[in-house]
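The data block below is upload23.pdb; it holds PDB, C-alpha atoms.
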ATOM      1  CA  MET A   1     -10.001   7.125 -76.805
ATOM      2  CA  ARG A   2      -8.812   8.250 -80.225
ATOM      3  CA  GLN A   3     -11.130   7.555 -83.132
ATOM      4  CA  LYS A   4     -10.063   7.351 -86.754
ATOM      5  CA  LYS A   5     -12.079   9.452 -89.147
ATOM      6  CA  SER A   6     -13.525   6.341 -90.799
ATOM      7  CA  THR A   7     -14.960   5.088 -87.481
ATOM      8  CA  LEU A   8     -16.024   8.355 -85.861
ATOM      9  CA  GLY A   9     -19.543   8.176 -87.297
ATOM     10  CA  GLU A  10     -19.979   4.672 -85.916
ATOM     11  CA  HIS A  11     -18.697   5.837 -82.529
ATOM     12  CA  LEU A  12     -21.277   8.643 -82.457
ATOM     13  CA  ALA A  13     -23.959   6.141 -83.478
ATOM     14  CA  LEU A  14     -23.003   3.840 -80.584
ATOM     15  CA  LEU A  15     -23.249   6.767 -78.177
ATOM     16  CA  SER A  16     -26.665   7.683 -79.583
ATOM     17  CA  VAL A  17     -28.019   4.144 -79.164
ATOM     18  CA  LYS A  18     -26.630   3.712 -75.659
ATOM     19  CA  TYR A  19     -27.783   7.087 -74.337
ATOM     20  CA  GLY A  20     -30.978   7.602 -76.342
ATOM     21  CA  VAL A  21     -29.962  10.528 -78.538
ATOM     22  CA  TYR A  22     -29.753  10.815 -82.315
ATOM     23  CA  PRO A  23     -26.303  10.984 -84.028
ATOM     24  CA  ASN A  24     -27.149  14.368 -85.535
ATOM     25  CA  GLU A  25     -27.926  15.675 -82.033
ATOM     26  CA  VAL A  26     -24.518  14.474 -80.807
ATOM     27  CA  PHE A  27     -22.846  16.062 -83.826
ATOM     28  CA  GLN A  28     -24.594  19.407 -83.281
ATOM     29  CA  ALA A  29     -23.668  19.274 -79.584
ATOM     30  CA  LEU A  30     -19.997  18.812 -80.534
ATOM     31  CA  VAL A  31     -20.213  21.842 -82.819
ATOM     32  CA  ALA A  32     -21.854  23.868 -80.026
ATOM     33  CA  ALA A  33     -19.236  22.766 -77.481
ATOM     34  CA  LYS A  34     -16.430  23.868 -79.789
ATOM     35  CA  LYS A  35     -18.045  27.292 -80.044
ATOM     36  CA  ASN A  36     -19.213  27.730 -76.439
ATOM     37  CA  GLU A  37     -16.802  25.358 -74.620
ATOM     38  CA  ARG A  38     -19.722  23.334 -73.198
ATOM     39  CA  SER A  39     -23.014  21.882 -74.418
ATOM     40  CA  VAL A  40     -25.710  19.424 -73.363
ATOM     41  CA  CYS A  41     -27.160  16.557 -75.405
ATOM     42  CA  GLY A  42     -29.904  14.678 -73.569
ATOM     43  CA  ASN A  43     -28.278  13.425 -70.357
ATOM     44  CA  LEU A  44     -24.790  13.903 -71.766
ATOM     45  CA  HIS A  45     -22.541  16.879 -71.038
ATOM     46  CA  ILE A  46     -19.944  17.701 -73.671
ATOM     47  CA  GLU A  47     -16.877  19.788 -72.893
ATOM     48  CA  TYR A  48     -14.327  21.291 -75.274
ATOM     49  CA  ARG A  49     -10.874  20.365 -73.914
ATOM     50  CA  GLY A  50      -8.626  22.077 -76.430
ATOM     51  CA  LYS A  51      -7.041  21.618 -79.829
ATOM     52  CA  LEU A  52      -4.053  19.544 -80.956
ATOM     53  CA  LYS A  53      -2.937  20.467 -84.476
ATOM     54  CA  ASP A  54      -6.086  19.978 -86.611
ATOM     55  CA  GLU A  55      -7.960  17.895 -84.040
ATOM     56  CA  ILE A  56     -10.465  19.040 -81.420
ATOM     57  CA  ILE A  57     -10.523  17.204 -78.077
ATOM     58  CA  PHE A  58     -13.895  16.582 -76.411
ATOM     59  CA  LEU A  59     -14.847  15.096 -73.054
ATOM     60  CA  ILE A  60     -18.310  13.556 -72.642
ATOM     61  CA  THR A  61     -19.714  12.907 -69.168
ATOM     62  CA  LYS A  62     -22.987  11.795 -67.605
ATOM     63  CA  ASN A  63     -23.739  12.635 -63.971
ATOM     64  CA  ASN A  64     -20.063  13.602 -63.572
ATOM     65  CA  ASP A  65     -18.928  10.154 -64.765
ATOM     66  CA  VAL A  66     -16.693  10.025 -67.838
ATOM     67  CA  VAL A  67     -18.403   8.464 -70.859
ATOM     68  CA  ALA A  68     -15.723   9.131 -73.471
ATOM     69  CA  GLN A  69     -12.880  11.409 -74.460
ATOM     70  CA  PHE A  70     -11.830  11.540 -78.091
ATOM     71  CA  ARG A  71     -10.412  13.691 -80.860
ATOM     72  CA  VAL A  72     -12.339  14.951 -83.861
ATOM     73  CA  GLU A  73     -10.769  16.446 -86.953
ATOM     74  CA  GLU A  74     -11.868  20.064 -87.266
ATOM     75  CA  GLU A  75     -12.801  19.470 -90.912
ATOM     76  CA  PHE A  76     -15.330  16.847 -89.771
ATOM     77  CA  LEU A  77     -17.207  19.456 -87.714
ATOM     78  CA  LEU A  78     -17.425  21.776 -90.726
ATOM     79  CA  ARG A  79     -19.040  19.209 -93.013
ATOM     80  CA  LYS A  80     -22.680  19.688 -94.028
ATOM     81  CA  ASP A  81     -23.141  16.239 -95.577
ATOM     82  CA  ASN A  82     -22.417  13.802 -92.753
ATOM     83  CA  PRO A  83     -24.391  10.576 -93.483
ATOM     84  CA  PHE A  84     -26.184  10.229 -90.146
ATOM     85  CA  GLU A  85     -28.637   7.571 -91.361
ATOM     86  CA  SER A  86     -25.873   5.350 -92.765
ATOM     87  CA  TRP A  87     -24.076   5.443 -89.421
ATOM     88  CA  MET A  88     -27.140   3.795 -87.869
ATOM     89  CA  ASN A  89     -27.312   1.104 -90.560
ATOM     90  CA  SER A  90     -23.993  -0.639 -89.914
ATOM     91  CA  ASP A  91     -24.164  -4.264 -88.753
ATOM     92  CA  LYS A  92     -22.515  -3.361 -85.449
ATOM     93  CA  ILE A  93     -25.120  -0.699 -84.659
ATOM     94  CA  LYS A  94     -28.013  -2.943 -85.698
ATOM     95  CA  ARG A  95     -26.747  -5.682 -83.360
ATOM     96  CA  LYS A  96     -26.501  -3.141 -80.547
ATOM     97  CA  ILE A  97     -30.066  -1.954 -81.179
ATOM     98  CA  ALA A  98     -31.393  -5.521 -81.368
ATOM     99  CA  LYS A  99     -29.687  -6.406 -78.093
ATOM    100  CA  GLN A 100     -31.312  -3.442 -76.346
ATOM    101  CA  ASN A 101     -34.814  -4.269 -77.565
ATOM    102  CA  ASN A 102     -36.940  -7.056 -76.134
ATOM    103  CA  ASP A 103     -40.635  -7.780 -75.734
ATOM    104  CA  SER A 104     -40.914  -6.163 -72.294
ATOM    105  CA  ILE A 105     -39.490  -2.784 -73.317
ATOM    106  CA  TYR A 106     -41.574  -0.095 -75.021
ATOM    107  CA  THR A 107     -39.936   2.660 -77.027
ATOM    108  CA  LEU A 108     -41.178   6.248 -77.041
ATOM    109  CA  ILE A 109     -41.809   7.652 -80.500
ATOM    110  CA  ARG A 110     -39.189  10.364 -80.022
ATOM    111  CA  ASP A 111     -36.602   7.608 -79.456
ATOM    112  CA  LEU A 112     -37.326   5.656 -82.651
ATOM    113  CA  ARG A 113     -34.219   5.411 -84.820
ATOM    114  CA  ALA A 114     -33.785   4.215 -88.386
ATOM    115  CA  GLY A 115     -32.618   0.605 -88.396
ATOM    116  CA  MET A 116     -34.356  -0.422 -85.179
ATOM    117  CA  LYS A 117     -35.949  -3.878 -85.292
ATOM    118  CA  ARG A 118     -38.212  -5.819 -82.918
ATOM    119  CA  VAL A 119     -39.333  -2.503 -81.448
ATOM    120  CA  ASN A 120     -42.456  -2.215 -79.282
ATOM    121  CA  VAL A 121     -44.588   0.939 -79.284
ATOM    122  CA  LYS A 122     -47.837   2.033 -77.644
ATOM    123  CA  ALA A 123     -49.573   5.009 -79.255
ATOM    124  CA  HIS A 124     -52.885   6.556 -80.265
ATOM    125  CA  VAL A 125     -54.117   6.594 -83.857
ATOM    126  CA  LEU A 126     -54.337  10.269 -84.807
ATOM    127  CA  GLU A 127     -55.176  10.061 -88.498
ATOM    128  CA  ILE A 128     -55.847   7.442 -91.171
ATOM    129  CA  PRO A 129     -55.655   9.012 -94.642
ATOM    130  CA  LYS A 130     -57.464   7.573 -97.644
ATOM    131  CA  PRO A 131     -55.708   4.355 -98.767
ATOM    132  CA  ALA A 132     -53.767   4.500-102.017
ATOM    133  CA  GLN A 133     -53.256   1.834-104.665
ATOM    134  CA  VAL A 134     -49.671   0.814-105.347
ATOM    135  CA  HIS A 135     -48.208  -1.629-107.841
ATOM    136  CA  THR A 136     -45.895  -4.264-106.409
ATOM    137  CA  GLN A 137     -42.831  -5.811-108.013
ATOM    138  CA  PHE A 138     -44.946  -8.925-108.630
ATOM    139  CA  GLY A 139     -47.289  -7.044-110.946
ATOM    140  CA  ASN A 140     -50.348  -6.913-108.690
ATOM    141  CA  THR A 141     -52.079  -3.927-107.078
ATOM    142  CA  VAL A 142     -52.495  -3.547-103.317
ATOM    143  CA  MET A 143     -53.879  -0.922-100.953
ATOM    144  CA  VAL A 144     -51.530   0.881 -98.577
ATOM    145  CA  VAL A 145     -51.913   3.715 -96.082
ATOM    146  CA  ASN A 146     -49.532   5.611 -93.823
ATOM    147  CA  ALA A 147     -51.505   6.141 -90.629
ATOM    148  CA  ILE A 148     -50.302   8.824 -88.225
ATOM    149  CA  ILE A 149     -49.818   7.586 -84.669
ATOM    150  CA  GLY A 150     -48.528   9.491 -81.670
ATOM    151  CA  ASP A 151     -47.719   9.478 -77.987
ATOM    152  CA  ASP A 152     -46.780  12.269 -75.582
ATOM    153  CA  THR A 153     -43.336  12.566 -77.186
ATOM    154  CA  GLY A 154     -44.090  12.790 -80.907
ATOM    155  CA  LYS A 155     -45.698  11.369 -84.042
ATOM    156  CA  VAL A 156     -44.660   8.818 -86.661
ATOM    157  CA  LYS A 157     -46.158   7.197 -89.749
ATOM    158  CA  LEU A 158     -47.318   3.593 -89.402
ATOM    159  CA  CYS A 159     -47.317   1.814 -92.762
ATOM    160  CA  LEU A 160     -50.300  -0.549 -93.172
ATOM    161  CA  TRP A 161     -51.152  -2.887 -96.051
ATOM    162  CA  GLU A 162     -54.438  -4.415 -97.210
ATOM    163  CA  GLY A 163     -56.262  -6.087 -94.281
ATOM    164  CA  GLN A 164     -54.159  -4.274 -91.700
ATOM    165  CA  ILE A 165     -55.828  -0.999 -92.701
ATOM    166  CA  ASP A 166     -59.262  -1.987 -91.356
ATOM    167  CA  SER A 167     -57.852  -3.411 -88.114
ATOM    168  CA  ILE A 168     -57.558   0.036 -86.491
ATOM    169  CA  SER A 169     -59.583   3.261 -86.373
ATOM    170  CA  GLU A 170     -58.824   6.868 -85.539
ATOM    171  CA  GLY A 171     -58.794   7.341 -81.772
ATOM    172  CA  ASN A 172     -57.739   3.753 -81.009
ATOM    173  CA  HIS A 173     -54.993   3.106 -78.490
ATOM    174  CA  ILE A 174     -52.753   0.564 -80.219
ATOM    175  CA  GLU A 175     -49.743  -1.600 -79.546
ATOM    176  CA  VAL A 176     -47.108  -2.486 -82.137
ATOM    177  CA  LYS A 177     -44.944  -5.496 -81.278
ATOM    178  CA  LYS A 178     -41.699  -6.420 -83.025
ATOM    179  CA  GLY A 179     -41.969  -3.567 -85.510
ATOM    180  CA  GLN A 180     -39.127  -2.073 -87.496
ATOM    181  CA  VAL A 181     -38.147   1.526 -88.206
ATOM    182  CA  CYS A 182     -37.309   2.509 -91.787
ATOM    183  CA  VAL A 183     -36.751   5.713 -93.721
ATOM    184  CA  PHE A 184     -38.802   6.268 -96.891
ATOM    185  CA  ARG A 185     -38.425   9.451 -98.927
ATOM    186  CA  GLY A 186     -36.623  11.114 -96.049
ATOM    187  CA  GLU A 187     -39.263  10.322 -93.404
ATOM    188  CA  LYS A 188     -39.189   7.767 -90.608
ATOM    189  CA  GLN A 189     -41.803   5.023 -90.806
ATOM    190  CA  LEU A 190     -42.817   2.292 -88.412
ATOM    191  CA  ARG A 191     -43.565  -0.990 -90.191
ATOM    192  CA  LEU A 192     -44.760  -4.389 -89.038
ATOM    193  CA  GLY A 193     -42.500  -6.408 -91.323
ATOM    194  CA  LYS A 194     -42.772 -10.194 -91.463
ATOM    195  CA  ASN A 195     -42.917 -10.845 -87.723
ATOM    196  CA  GLY A 196     -44.639  -7.731 -86.415
ATOM    197  CA  ALA A 197     -48.030  -7.623 -84.720
ATOM    198  CA  LEU A 198     -50.618  -4.877 -84.342
ATOM    199  CA  SER A 199     -53.319  -4.847 -81.673
ATOM    200  CA  VAL A 200     -55.953  -2.448 -80.371
ATOM    201  CA  LEU A 201     -55.813  -1.933 -76.616
ATOM    202  CA  LYS A 202     -58.869  -1.576 -74.419
ATOM    203  CA  GLY A 203     -58.912   1.589 -72.347
ATOM    204  CA  ASN A 204     -55.671   3.528 -72.050
ATOM    205  CA  GLN A 205     -53.139   0.931 -70.955
ATOM    206  CA  THR A 206     -53.916  -2.778 -71.187
ATOM    207  CA  GLY A 207     -56.083  -5.359 -72.895
ATOM    208  CA  LYS A 208     -56.262  -6.473 -76.520
ATOM    209  CA  ALA A 209     -59.377  -6.268 -78.655
ATOM    210  CA  GLN A 210     -57.970  -7.729 -81.850
ATOM    211  CA  MET A 211     -54.705  -8.896 -83.352
ATOM    212  CA  ALA A 212     -53.433  -8.623 -86.912
ATOM    213  CA  THR A 213     -50.136 -10.365 -87.511
ATOM    214  CA  VAL A 214     -48.202 -10.052 -90.754
ATOM    215  CA  ARG A 215     -47.211 -13.332 -92.352
TER     216      ARG A 215
END
As C-alpha coordinates, please, write out the structure in this file.
Amino acid sequence: MRQKKSTLGEHLALLSVKYGVYPNEVFQALVAAKKNERSVCGNLHIEYRGKLKDEIIFLITKNNDVVAQFRVEEEFLLRKDNPFESWMNSDKIKRKIAKQNNDSIYTLIRDLRAGMKRVNVKAHVLEIPKPAQVHTQFGNTVMVVNAIIGDDTGKVKLCLWEGQIDSISEGNHIEVKKGQVCVFRGEKQLRLGKNGALSVLKGNQTGKAQMATVR
(Lines of atoms letter the chains of each structure in order from A and count residues from 1; the text may use other names and numbers.)
(Lines give C-alpha, C1' and ligand atoms only; values in the text may rest on other atoms or scores of the structure.)
Protein backbone atom coordinates (compact mmCIF):
# COMPACT_ATOMS: atom_id res chain seq x y z
CA MET A 1 0.00 0.00 0.00
CA ARG A 2 1.82 3.10 -1.22
CA GLN A 3 1.05 6.33 0.60
CA LYS A 4 1.59 9.79 -0.82
CA LYS A 5 3.52 12.15 1.39
CA SER A 6 0.44 14.32 1.93
CA THR A 7 -1.54 11.36 3.34
CA LEU A 8 1.16 9.52 5.27
CA GLY A 9 0.44 11.39 8.51
CA GLU A 10 -3.23 10.48 8.26
CA HIS A 11 -2.31 6.85 7.60
CA LEU A 12 -0.15 6.77 10.75
CA ALA A 13 -3.00 8.40 12.68
CA LEU A 14 -5.43 5.69 11.50
CA LEU A 15 -2.98 3.01 12.63
CA SER A 16 -2.63 4.71 16.02
CA VAL A 17 -6.40 4.87 16.57
CA LYS A 18 -7.01 1.29 15.45
CA TYR A 19 -4.17 -0.26 17.46
CA GLY A 20 -4.08 2.05 20.48
CA VAL A 21 -0.73 3.75 19.96
CA TYR A 22 0.12 7.42 19.47
CA PRO A 23 1.26 8.67 16.00
CA ASN A 24 4.56 9.87 17.45
CA GLU A 25 5.17 6.36 18.83
CA VAL A 26 4.57 4.87 15.37
CA PHE A 27 6.88 7.46 13.83
CA GLN A 28 9.66 6.76 16.33
CA ALA A 29 9.22 3.01 15.75
CA LEU A 30 9.69 3.55 12.00
CA VAL A 31 12.89 5.49 12.68
CA ALA A 32 14.11 2.70 14.99
CA ALA A 33 13.25 0.00 12.44
CA LYS A 34 15.23 1.80 9.76
CA LYS A 35 18.24 1.86 12.08
CA ASN A 36 17.91 -1.60 13.65
CA GLU A 37 15.88 -3.42 10.94
CA ARG A 38 13.10 -4.23 13.44
CA SER A 39 11.16 -2.46 16.19
CA VAL A 40 8.06 -2.89 18.34
CA CYS A 41 5.27 -0.37 18.91
CA GLY A 42 2.61 -1.63 21.31
CA ASN A 43 1.30 -4.85 19.75
CA LEU A 44 2.70 -3.94 16.35
CA HIS A 45 5.95 -5.27 14.91
CA ILE A 46 7.67 -3.09 12.33
CA GLU A 47 10.23 -4.47 9.91
CA TYR A 48 12.56 -2.61 7.56
CA ARG A 49 12.21 -4.26 4.13
CA GLY A 50 14.70 -2.25 2.10
CA LYS A 51 15.07 0.96 0.14
CA LEU A 52 13.86 1.94 -3.33
CA LYS A 53 15.48 5.17 -4.53
CA ASP A 54 14.63 7.71 -1.79
CA GLU A 55 11.86 5.65 -0.21
CA ILE A 56 12.06 3.24 2.73
CA ILE A 57 9.81 0.16 2.68
CA PHE A 58 8.26 -1.00 5.96
CA LEU A 59 6.15 -4.02 6.86
CA ILE A 60 3.87 -3.83 9.90
CA THR A 61 2.46 -7.01 11.44
CA LYS A 62 0.47 -8.02 14.51
CA ASN A 63 0.61 -11.61 15.77
CA ASN A 64 2.28 -12.56 12.46
CA ASP A 65 -0.65 -11.13 10.47
CA VAL A 66 0.13 -8.36 7.98
CA VAL A 67 -1.32 -4.99 9.00
CA ALA A 68 0.26 -2.82 6.31
CA GLN A 69 3.20 -2.45 3.98
CA PHE A 70 4.06 0.98 2.66
CA ARG A 71 6.83 3.29 1.51
CA VAL A 72 8.05 6.34 3.39
CA GLU A 73 10.26 9.03 1.91
CA GLU A 74 13.57 9.06 3.77
CA GLU A 75 13.30 12.83 4.20
CA PHE A 76 10.07 12.32 6.16
CA LEU A 77 11.90 10.22 8.77
CA LEU A 78 14.52 12.95 9.22
CA ARG A 79 12.01 15.69 9.99
CA LYS A 80 11.84 17.08 13.53
CA ASP A 81 8.62 19.06 13.05
CA ASN A 82 6.02 16.47 12.06
CA PRO A 83 2.58 17.80 13.17
CA PHE A 84 1.40 14.77 15.14
CA GLU A 85 -1.52 16.57 16.80
CA SER A 86 -2.88 17.88 13.49
CA TRP A 87 -2.88 14.35 12.08
CA MET A 88 -5.34 13.38 14.82
CA ASN A 89 -7.60 16.36 14.12
CA SER A 90 -8.67 15.52 10.57
CA ASP A 91 -12.37 14.82 10.02
CA LYS A 92 -11.61 11.25 8.94
CA ILE A 93 -9.70 10.49 12.14
CA LYS A 94 -12.34 12.12 14.34
CA ARG A 95 -15.05 9.98 12.71
CA LYS A 96 -12.93 6.88 13.31
CA ILE A 97 -12.45 7.80 16.98
CA ALA A 98 -16.16 8.56 17.43
CA LYS A 99 -17.11 5.23 15.88
CA GLN A 100 -14.83 3.36 18.30
CA ASN A 101 -16.21 5.09 21.39
CA ASN A 102 -19.55 4.25 22.95
CA ASP A 103 -21.10 4.39 26.41
CA SER A 104 -20.07 0.85 27.36
CA ILE A 105 -16.36 1.30 26.66
CA TYR A 106 -13.97 2.92 29.13
CA THR A 107 -10.67 4.38 27.98
CA LEU A 108 -7.47 4.14 30.00
CA ILE A 109 -5.76 7.46 30.61
CA ARG A 110 -2.65 6.36 28.73
CA ASP A 111 -4.84 5.80 25.65
CA LEU A 112 -6.44 9.27 25.61
CA ARG A 113 -5.71 11.05 22.33
CA ALA A 114 -6.28 14.65 21.31
CA GLY A 115 -9.52 14.94 19.36
CA MET A 116 -11.33 12.09 21.11
CA LYS A 117 -15.00 12.80 21.86
CA ARG A 118 -17.69 10.96 23.83
CA VAL A 119 -14.92 9.26 25.81
CA ASN A 120 -15.61 7.48 29.10
CA VAL A 121 -13.02 7.38 31.89
CA LYS A 122 -12.88 6.03 35.44
CA ALA A 123 -10.15 7.49 37.65
CA HIS A 124 -9.22 8.71 41.11
CA VAL A 125 -8.95 12.40 41.98
CA LEU A 126 -5.31 12.94 42.94
CA GLU A 127 -5.17 16.70 43.36
CA ILE A 128 -7.48 19.72 43.17
CA PRO A 129 -5.44 22.94 43.01
CA LYS A 130 -6.80 26.29 44.16
CA PRO A 131 -9.38 27.55 41.62
CA ALA A 132 -8.37 30.50 39.47
CA GLN A 133 -10.47 33.35 38.12
CA VAL A 134 -10.60 33.70 34.35
CA HIS A 135 -12.30 36.27 32.14
CA THR A 136 -14.56 34.87 29.43
CA GLN A 137 -15.18 36.26 25.96
CA PHE A 138 -18.55 37.48 27.25
CA GLY A 139 -16.91 39.84 29.73
CA ASN A 140 -17.75 37.97 32.93
CA THR A 141 -15.46 36.25 35.44
CA VAL A 142 -15.70 32.55 36.28
CA MET A 143 -13.79 30.09 38.44
CA VAL A 144 -11.87 27.25 36.80
CA VAL A 145 -9.56 24.51 38.05
CA ASN A 146 -7.53 21.78 36.38
CA ALA A 147 -7.89 18.81 38.71
CA ILE A 148 -5.37 15.98 38.38
CA ILE A 149 -6.96 12.56 37.96
CA GLY A 150 -5.26 9.23 37.43
CA ASP A 151 -5.61 5.50 36.98
CA ASP A 152 -3.04 2.69 36.93
CA THR A 153 -1.80 3.82 33.51
CA GLY A 154 -1.23 7.55 33.95
CA LYS A 155 -2.51 11.00 34.89
CA VAL A 156 -4.39 13.75 33.06
CA LYS A 157 -5.85 17.17 33.85
CA LEU A 158 -9.63 17.38 34.19
CA CYS A 159 -10.88 20.90 33.47
CA LEU A 160 -13.75 21.94 35.79
CA TRP A 161 -15.79 25.15 35.81
CA GLU A 162 -17.80 26.86 38.54
CA GLY A 163 -20.22 24.39 40.20
CA GLN A 164 -18.38 21.38 38.82
CA ILE A 165 -15.42 22.20 41.09
CA ASP A 166 -17.30 21.40 44.32
CA SER A 167 -18.83 18.20 42.93
CA ILE A 168 -15.66 16.17 43.58
CA SER A 169 -12.99 15.93 46.29
CA GLU A 170 -9.45 14.60 46.45
CA GLY A 171 -9.51 10.83 46.88
CA ASN A 172 -12.86 10.36 45.11
CA HIS A 173 -13.25 7.61 42.54
CA ILE A 174 -14.99 9.34 39.63
CA GLU A 175 -16.54 8.55 36.28
CA VAL A 176 -16.47 10.89 33.28
CA LYS A 177 -19.04 10.12 30.58
CA LYS A 178 -19.00 11.56 27.06
CA GLY A 179 -15.95 13.71 27.74
CA GLN A 180 -13.62 15.15 25.14
CA VAL A 181 -9.84 15.32 24.94
CA CYS A 182 -8.21 18.63 24.02
CA VAL A 183 -4.72 20.10 24.03
CA PHE A 184 -4.18 23.42 25.84
CA ARG A 185 -0.74 25.01 26.01
CA GLY A 186 0.85 21.76 24.91
CA GLU A 187 -0.85 19.57 27.54
CA LYS A 188 -3.69 17.10 27.15
CA GLN A 189 -6.87 17.93 29.04
CA LEU A 190 -10.06 16.00 29.62
CA ARG A 191 -13.15 18.23 29.44
CA LEU A 192 -16.85 17.62 29.93
CA GLY A 193 -18.00 19.83 27.07
CA LYS A 194 -21.70 20.44 26.46
CA ASN A 195 -22.88 16.84 26.80
CA GLY A 196 -20.42 15.41 29.30
CA ALA A 197 -21.28 14.14 32.77
CA LEU A 198 -19.23 13.77 35.94
CA SER A 199 -20.14 11.46 38.81
CA VAL A 200 -18.57 10.22 42.03
CA LEU A 201 -18.56 6.45 42.36
CA LYS A 202 -19.17 4.61 45.61
CA GLY A 203 -16.41 2.21 46.57
CA ASN A 204 -13.88 1.30 43.89
CA GLN A 205 -16.01 0.21 40.95
CA THR A 206 -19.73 0.96 40.84
CA GLY A 207 -22.45 3.20 42.20
CA LYS A 208 -23.06 6.93 41.78
CA ALA A 209 -23.23 9.39 44.64
CA GLN A 210 -23.90 12.53 42.65
CA MET A 211 -24.12 13.75 39.08
CA ALA A 212 -23.09 17.07 37.57
CA THR A 213 -23.99 17.46 33.93
CA VAL A 214 -22.82 20.39 31.82
CA ARG A 215 -25.56 22.22 29.96
For the file shown, what are the residues hit by the PyMOL selection byres ((chain A and resi 13) around 8), laid out as a list in words?
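Given this file, the PyMOL selection byres ((chain A and resi 13) around 8) evaluates to Gly9, Glu10, His11, Leu12, Leu14, Leu15, Ser16, Val17, Tyr22, Pro23, Trp87, Met88 and Ile93 of chain A.
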Once the PyMOL selection byres ((chain A and resi 61-73) around 10) is applied to the coordinates I shared, what remains selected? I want it as a PyMOL selection string.
chain A and resi 1-5+8+11+15+19+30+40+42-47+49-60+74-78
Could you list, with a cut-off of 7 Å and counting only C-alpha atoms, the residues of region 125-157 of chain A near region 103-121 of chain A, each shown with its nearest atom pair and the distance in Å rounded to one decimal, rows sorted by chain and ascending number, as a Markdown table?
| residue | atom | partner | partner_atom | distance |
| --- | --- | --- | --- | --- |
| A:Asp151 | CA | A:Ile109 | CA | 6.7 |
| A:Thr153 | CA | A:Arg110 | CA | 5.5 |
| A:Gly154 | CA | A:Arg110 | CA | 5.5 |
| A:Lys155 | CA | A:Ile109 | CA | 6.4 |
| A:Val156 | CA | A:Ile109 | CA | 6.9 |
Could the residues in this selection be written to a file with C-alpha atoms, as a PDB file, in the frame of the given file?
ATOM      1  CA  ASP A 151     -47.719   9.478 -77.987  1.00  0.00           C
ATOM      2  CA  THR A 153     -43.336  12.566 -77.186  1.00  0.00           C
ATOM      3  CA  GLY A 154     -44.090  12.790 -80.907  1.00  0.00           C
ATOM      4  CA  LYS A 155     -45.698  11.369 -84.042  1.00  0.00           C
ATOM      5  CA  VAL A 156     -44.660   8.818 -86.661  1.00  0.00           C
TER       6      VAL A 156
END
Hey, can you check how far CA of Val176 (chain A) sits from CA of Asn195 (chain A)?
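Distance between the two atoms: 10.9 Å.
Here CA of Asp166 (chain A) and CA of Gln189 (chain A) stand 18.8 Å from one another.
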Computed gap from CA of Lys194 (chain A) to CA of Lys178 (chain A) is 9.3 Å
Go ahead and find all residues with at least one atom no further than 9 Å from (-54.2, -1.2, -87.3) in the file's coordinates, using only C-alpha atoms; report them as a ChimeraX atom specification.
/A:125,147,158,160,163-169,172,174-176,198-200,211-212
Have a look at A:Arg185, A:Asn89, A:Leu190, A:Glu170 and name the one nearest to Asn146 (chain A); count only C-alpha atoms.
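Looking at the shortest contact to Asn146 (chain A), the residue is A:Leu190.
Closest approach to Glu127 (chain A) from the set A:Lys188, A:Lys96, A:Lys157, A:Lys18 is made by A:Lys157, with distances taken over only C-alpha atoms.
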As AutoDock Vina command-line options, please report the centre and edge lengths, rounded to one decimal in Å, of the axis-aligned box that holds all listed atoms of region 120-125 of chain A with 3 Å of padding on each of the six sides.
--center_x -48.3 --center_y 2.2 --center_z -80.8 --size_x 17.7 --size_y 14.8 --size_z 12.2
What lies within 8 Å of Val134 (chain A) using all atoms listed in the file, ignoring chain neighbours under 5 positions off, as a ChimeraX atom specification?
/A:141-144
Can I get the selection written as a short mmCIF file (atom, residue, chain, number, x, y, z; two decimals), in the coordinates of the input, with C-alpha atoms?
data_model
loop_
_atom_site.label_atom_id
_atom_site.label_comp_id
_atom_site.auth_asym_id
_atom_site.auth_seq_id
_atom_site.Cartn_x
_atom_site.Cartn_y
_atom_site.Cartn_z
CA THR A 141 -52.08 -3.93 -107.08
CA VAL A 142 -52.50 -3.55 -103.32
CA MET A 143 -53.88 -0.92 -100.95
CA VAL A 144 -51.53 0.88 -98.58
#
Residue nearest Lys94 (chain A) among A:Ala32, A:Val181, A:Asn140, A:Gln133 (counting all atoms listed in the file)
A:Val181
